[in-house]
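Peer 1: One structure follows; several queries about it will come next.
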Amino acid sequence: MELRVLQYFLAVTREQSISGAAKALHLSQPTLSRQLREMEEELGKQLIVRSNRRITLTDEGMILRKRAEEIMELVRKTENEITLSNDYIAGDITIGAGETIGVRFLAKAVHTLQQDFPDIHLHTISGDSVNVLENLDRGLIDFGLVFGEVDTTKYHMLKIPYEDIWGVLMRRDSDLAKKEFITPEDLWNQPLITSRQQSSRSSLMKWLGKNRDELNIVGTYNLLFNGSLMVEEGMGYALSFDKIINISGDSNLCFRPLKPELSEGMHIIWKKYQIFPKAAEKFLLQMQQITNQSLSS
């Protein structure tokens, strides 16, 4: 049994469909299906139950998935011990992230790496969680910085020691700007501008204590800069994280935190069974080291 075919099998279990795995692996669907059938014939067992919508694993398939994960992790560690022992490491690290103060943590980690490996470069691709997950699944980025729950069947994750604080971005001449904190009741009858990905199950909507259709949502944003322009033009109040938009100096905007306080933790995530280039692997090790030091301090 080849390692390559084990990777194919794990990709299918991750994507839960042969077509999705073929796309992620840049293979044709017939080629991937043939490889899986040949593996089943070699083992003499059916591993996958195929249907039109998604695949499921047989008992033997579940055993193979567990062992394949262990095998690929051992391969990864072995490769790291060999390749990361080289003195010269260069390359690109590509991270998808929303607008968050947590990007500082990523920048610090890369800057520390660059002291020893100056030819490592960081590239960030901005977007909300929808964009980040799409780019991660398509292999366009190495890591994603996301908020909330993580699908641990598809991704590994590392919680980083940063939290973003929710609040309201508003004009300085607005009625709510006179308040030190904003309560849910303050917003129930106000024109609101929210992130496009806020669902009724999100922590923010739960804090508001209303369903989306009970609120006066007049606009949504993908990136907060665009939301801030809506606020400046008097459309309404933007629910957002703190420290994203510059409200100092002669800005006519201000920010007020929520009460009770609402914060959002964040994770670095990456696809399971992914083989990283040297630079990305070094970055991940650096992130793990910094996080462990933060937790122990």
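By order in the structure tokens, chains are A, B, ...; within a chain, residues start at 1; ligands start at 1, following the order shown.
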Would you kindly return, as an MDAnalysis selection string, each protein, DNA or RNA residue with an atom no farther than 12 Å from any atom of A:Ala22, considering only C-alpha atoms and excluding same-chain residues fewer than 6 positions away?

Peer 2: chainID A and resid 7:16 28:36 137:138

Peer 1: With DSSP run on the backbone, what are the alpha helix (DSSP H) residues within stretch 132-233 of chain A? I'd like them as a list in words.

Peer 2: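 Matching residues for alpha helix (DSSP H) in stretch 132-233 of chain A are Val132, Leu133, Glu134, Asn135, Leu136, Asp137, Pro184, Glu185, Asp186, Leu187, Ser203, Leu204, Met205, Lys206, Trp207, Leu208, Leu224, Phe225, Asn226, Gly227, Ser228, Leu229, Met230, Val231 and Glu232 of chain A.
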
Peer 1: Residues of the last selection are to be written out with N, CA, C and O atoms, as a compact mmCIF listing (two decimals), in the first residue's frame.

Peer 2:
# COMPACT_ATOMS: atom_id res chain seq x y z
N VAL A 132 -11.90 32.50 4.15
CA VAL A 132 -10.74 31.78 4.68
C VAL A 132 -10.89 30.28 4.49
O VAL A 132 -9.97 29.60 4.02
N LEU A 133 -12.06 29.74 4.85
CA LEU A 133 -12.27 28.29 4.73
C LEU A 133 -12.26 27.85 3.27
O LEU A 133 -11.74 26.78 2.94
N GLU A 134 -12.84 28.66 2.40
CA GLU A 134 -12.83 28.32 0.97
C GLU A 134 -11.40 28.25 0.44
O GLU A 134 -11.03 27.31 -0.26
N ASN A 135 -10.60 29.25 0.78
CA ASN A 135 -9.21 29.28 0.31
C ASN A 135 -8.39 28.15 0.92
O ASN A 135 -7.51 27.58 0.26
N LEU A 136 -8.67 27.81 2.18
CA LEU A 136 -7.95 26.73 2.83
C LEU A 136 -8.30 25.39 2.17
O LEU A 136 -7.41 24.58 1.88
N ASP A 137 -9.57 25.17 1.91
CA ASP A 137 -10.00 23.92 1.29
C ASP A 137 -9.45 23.77 -0.13
O ASP A 137 -9.19 22.65 -0.58
N PRO A 184 -27.89 45.30 25.03
CA PRO A 184 -28.74 44.78 23.94
C PRO A 184 -29.96 45.65 23.67
O PRO A 184 -30.30 45.91 22.51
N GLU A 185 -30.59 46.12 24.74
CA GLU A 185 -31.79 46.92 24.57
C GLU A 185 -31.52 48.21 23.81
O GLU A 185 -32.41 48.74 23.11
N ASP A 186 -30.30 48.75 23.94
CA ASP A 186 -29.95 49.98 23.22
C ASP A 186 -30.03 49.81 21.71
O ASP A 186 -30.22 50.78 20.97
N LEU A 187 -29.87 48.57 21.23
CA LEU A 187 -29.74 48.32 19.79
C LEU A 187 -30.98 47.75 19.15
O LEU A 187 -31.06 47.67 17.92
N SER A 203 -22.52 33.99 18.67
CA SER A 203 -22.46 34.54 20.03
C SER A 203 -23.01 35.96 20.08
O SER A 203 -23.64 36.36 21.06
N LEU A 204 -22.79 36.71 19.02
CA LEU A 204 -23.28 38.09 18.99
C LEU A 204 -24.80 38.13 18.94
O LEU A 204 -25.44 38.92 19.67
N MET A 205 -25.40 37.30 18.12
CA MET A 205 -26.86 37.28 18.03
C MET A 205 -27.48 36.78 19.34
O MET A 205 -28.54 37.24 19.76
N LYS A 206 -26.81 35.83 19.97
CA LYS A 206 -27.29 35.36 21.27
C LYS A 206 -27.22 36.49 22.29
O LYS A 206 -28.10 36.64 23.14
N TRP A 207 -26.15 37.28 22.23
CA TRP A 207 -26.01 38.42 23.15
C TRP A 207 -27.14 39.43 22.92
O TRP A 207 -27.70 39.97 23.88
N LEU A 208 -27.49 39.65 21.67
CA LEU A 208 -28.55 40.61 21.36
C LEU A 208 -29.91 40.14 21.86
O LEU A 208 -30.80 40.96 22.13
N LEU A 224 -14.57 45.29 7.46
CA LEU A 224 -15.11 46.36 8.30
C LEU A 224 -14.85 47.74 7.73
O LEU A 224 -15.62 48.67 8.01
N PHE A 225 -13.80 47.91 6.95
CA PHE A 225 -13.56 49.23 6.37
C PHE A 225 -14.78 49.69 5.59
O PHE A 225 -15.20 50.85 5.67
N ASN A 226 -15.36 48.76 4.81
CA ASN A 226 -16.58 49.12 4.07
C ASN A 226 -17.73 49.42 5.02
O ASN A 226 -18.52 50.34 4.78
N GLY A 227 -17.82 48.64 6.11
CA GLY A 227 -18.85 48.92 7.10
C GLY A 227 -18.68 50.29 7.73
O GLY A 227 -19.67 50.98 8.02
N SER A 228 -17.42 50.69 7.96
CA SER A 228 -17.17 51.99 8.58
C SER A 228 -17.62 53.14 7.67
O SER A 228 -18.05 54.20 8.15
N LEU A 229 -17.53 52.94 6.36
CA LEU A 229 -18.01 53.97 5.42
C LEU A 229 -19.53 54.10 5.50
O LEU A 229 -20.07 55.21 5.41
N MET A 230 -20.20 52.96 5.68
CA MET A 230 -21.65 53.02 5.86
C MET A 230 -22.00 53.80 7.11
O MET A 230 -22.96 54.60 7.13
N VAL A 231 -21.23 53.58 8.18
CA VAL A 231 -21.47 54.30 9.44
C VAL A 231 -21.23 55.79 9.24
O VAL A 231 -22.03 56.63 9.67
N GLU A 232 -20.14 56.14 8.59
CA GLU A 232 -19.82 57.55 8.36
C GLU A 232 -20.93 58.26 7.59
O GLU A 232 -21.21 59.44 7.83

Peer 1: Would you mind listing what lies within 9 Å of A:Phe241 as a list in words, with only C-alpha atoms counted and same-chain residues fewer than 4 positions away left out?

Peer 2: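 Surrounding residues, per the criterion: Glu99, Thr100, Ile101, Asp164, Ile165, Trp166, Gly167, Val168, Leu169, Leu224, Ile245, Pro257, Ser263 and Glu264 of chain A.
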
Peer 1: Output N, CA and C atoms for every residue in the selection just made, as a short mmCIF file (atom, residue, chain, number, x, y, z; two decimals), in the first residue's frame.

Peer 2:
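So result-v1.cif came out as:
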data_model
loop_
_atom_site.label_atom_id
_atom_site.label_comp_id
_atom_site.auth_asym_id
_atom_site.auth_seq_id
_atom_site.Cartn_x
_atom_site.Cartn_y
_atom_site.Cartn_z
N GLU A 99 -10.28 40.72 9.71
CA GLU A 99 -9.74 41.92 10.34
C GLU A 99 -9.76 41.71 11.85
N THR A 100 -8.59 41.49 12.43
CA THR A 100 -8.48 41.19 13.85
C THR A 100 -7.12 41.58 14.37
N ILE A 101 -7.10 41.94 15.66
CA ILE A 101 -5.84 42.26 16.32
C ILE A 101 -4.95 41.03 16.40
N ASP A 164 -10.68 39.08 20.66
CA ASP A 164 -11.24 40.33 20.16
C ASP A 164 -12.48 40.70 20.97
N ILE A 165 -12.64 41.99 21.20
CA ILE A 165 -13.75 42.51 22.00
C ILE A 165 -14.82 43.08 21.06
N TRP A 166 -16.06 42.62 21.23
CA TRP A 166 -17.17 43.12 20.44
C TRP A 166 -17.64 44.49 20.97
N GLY A 167 -18.10 45.29 20.06
CA GLY A 167 -18.66 46.58 20.43
C GLY A 167 -19.40 47.18 19.26
N VAL A 168 -19.63 48.48 19.33
CA VAL A 168 -20.39 49.18 18.30
C VAL A 168 -19.57 50.35 17.77
N LEU A 169 -19.40 50.38 16.46
CA LEU A 169 -18.75 51.50 15.78
C LEU A 169 -19.83 52.47 15.36
N LEU A 224 -14.57 45.29 7.46
CA LEU A 224 -15.11 46.36 8.30
C LEU A 224 -14.85 47.74 7.73
N ILE A 245 -10.71 49.70 13.22
CA ILE A 245 -10.80 50.99 12.53
C ILE A 245 -10.16 52.07 13.40
N PRO A 257 -17.83 49.62 23.80
CA PRO A 257 -17.91 48.18 24.07
C PRO A 257 -19.31 47.77 24.53
N SER A 263 -16.52 38.74 24.16
CA SER A 263 -15.24 38.59 23.46
C SER A 263 -15.26 37.34 22.61
N GLU A 264 -14.32 37.24 21.71
CA GLU A 264 -14.28 36.12 20.76
C GLU A 264 -12.84 35.59 20.70
#

Peer 1: Wanna dump the stretch 144-179 of chain A-stretch 271-295 of chain A contacts at 8 Å for me, each residue with its shortest atom pair and the distance in Å to one decimal, counting only C-alpha atoms, ordered by chain and number, as a tab-separated table?

Peer 2:
residue	atom	partner	partner_atom	distance
A:Lys154	CA	A:Lys272	CA	5.8
A:Tyr155	CA	A:Lys271	CA	4.5
A:His156	CA	A:Lys272	CA	5.9
A:Leu158	CA	A:Gln288	CA	7.5
A:Lys159	CA	A:Thr291	CA	7.9
A:Ile160	CA	A:Thr291	CA	6.2
A:Pro161	CA	A:Thr291	CA	6.7

Peer 1: So how far away is atom CA of A:Thr94 from atom CA of A:Leu113, in Å?

Peer 2: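 Separation of atom CA of A:Leu113 and atom CA of A:Thr94: 14.6 Å.
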
Peer 1: Env of A:Gly98: 12 Å cut, atoms = only C-alpha atoms, seq-sep filter 4 positions within chain, self excluded. Answer as a PyMOL selection string.

Peer 2: chain A and resi 102-103+124-133+144-147+164+195+197+221-225+240-241+244+266-268

Peer 1: Go through A:Thr183, A:Thr220, A:Thr152, A:Ser174 and flag the residue nearest A:Leu253, using only C-alpha atoms for the distances.

Peer 2: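 Nearest candidate to A:Leu253 out of A:Thr183, A:Thr220, A:Thr152, A:Ser174: A:Ser174.
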
Peer 1: Just the residues within 10 Å of A:Arg37, please, counting only C-alpha atoms, with nothing from its chain fewer than 6 positions along; format it as a list in words.

Peer 2: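 Answer for this query is Leu43, Lys45, Gln46, Leu47 and Ile48 of chain A.
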
Peer 1: Could you take the residues named above and write them with C-alpha atoms, as a PDB file, in the first residue's frame?

Peer 2:
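Saved to result30.pdb:
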ATOM      1  CA  LEU A  43      -7.003  -5.305   1.125  1.00  0.00           C
ATOM      2  CA  LYS A  45     -12.341  -5.292   2.089  1.00  0.00           C
ATOM      3  CA  GLN A  46     -14.862  -2.605   1.225  1.00  0.00           C
ATOM      4  CA  LEU A  47     -13.742   0.631   2.860  1.00  0.00           C
ATOM      5  CA  ILE A  48     -16.183   3.197   1.503  1.00  0.00           C
TER       6      ILE A  48
END
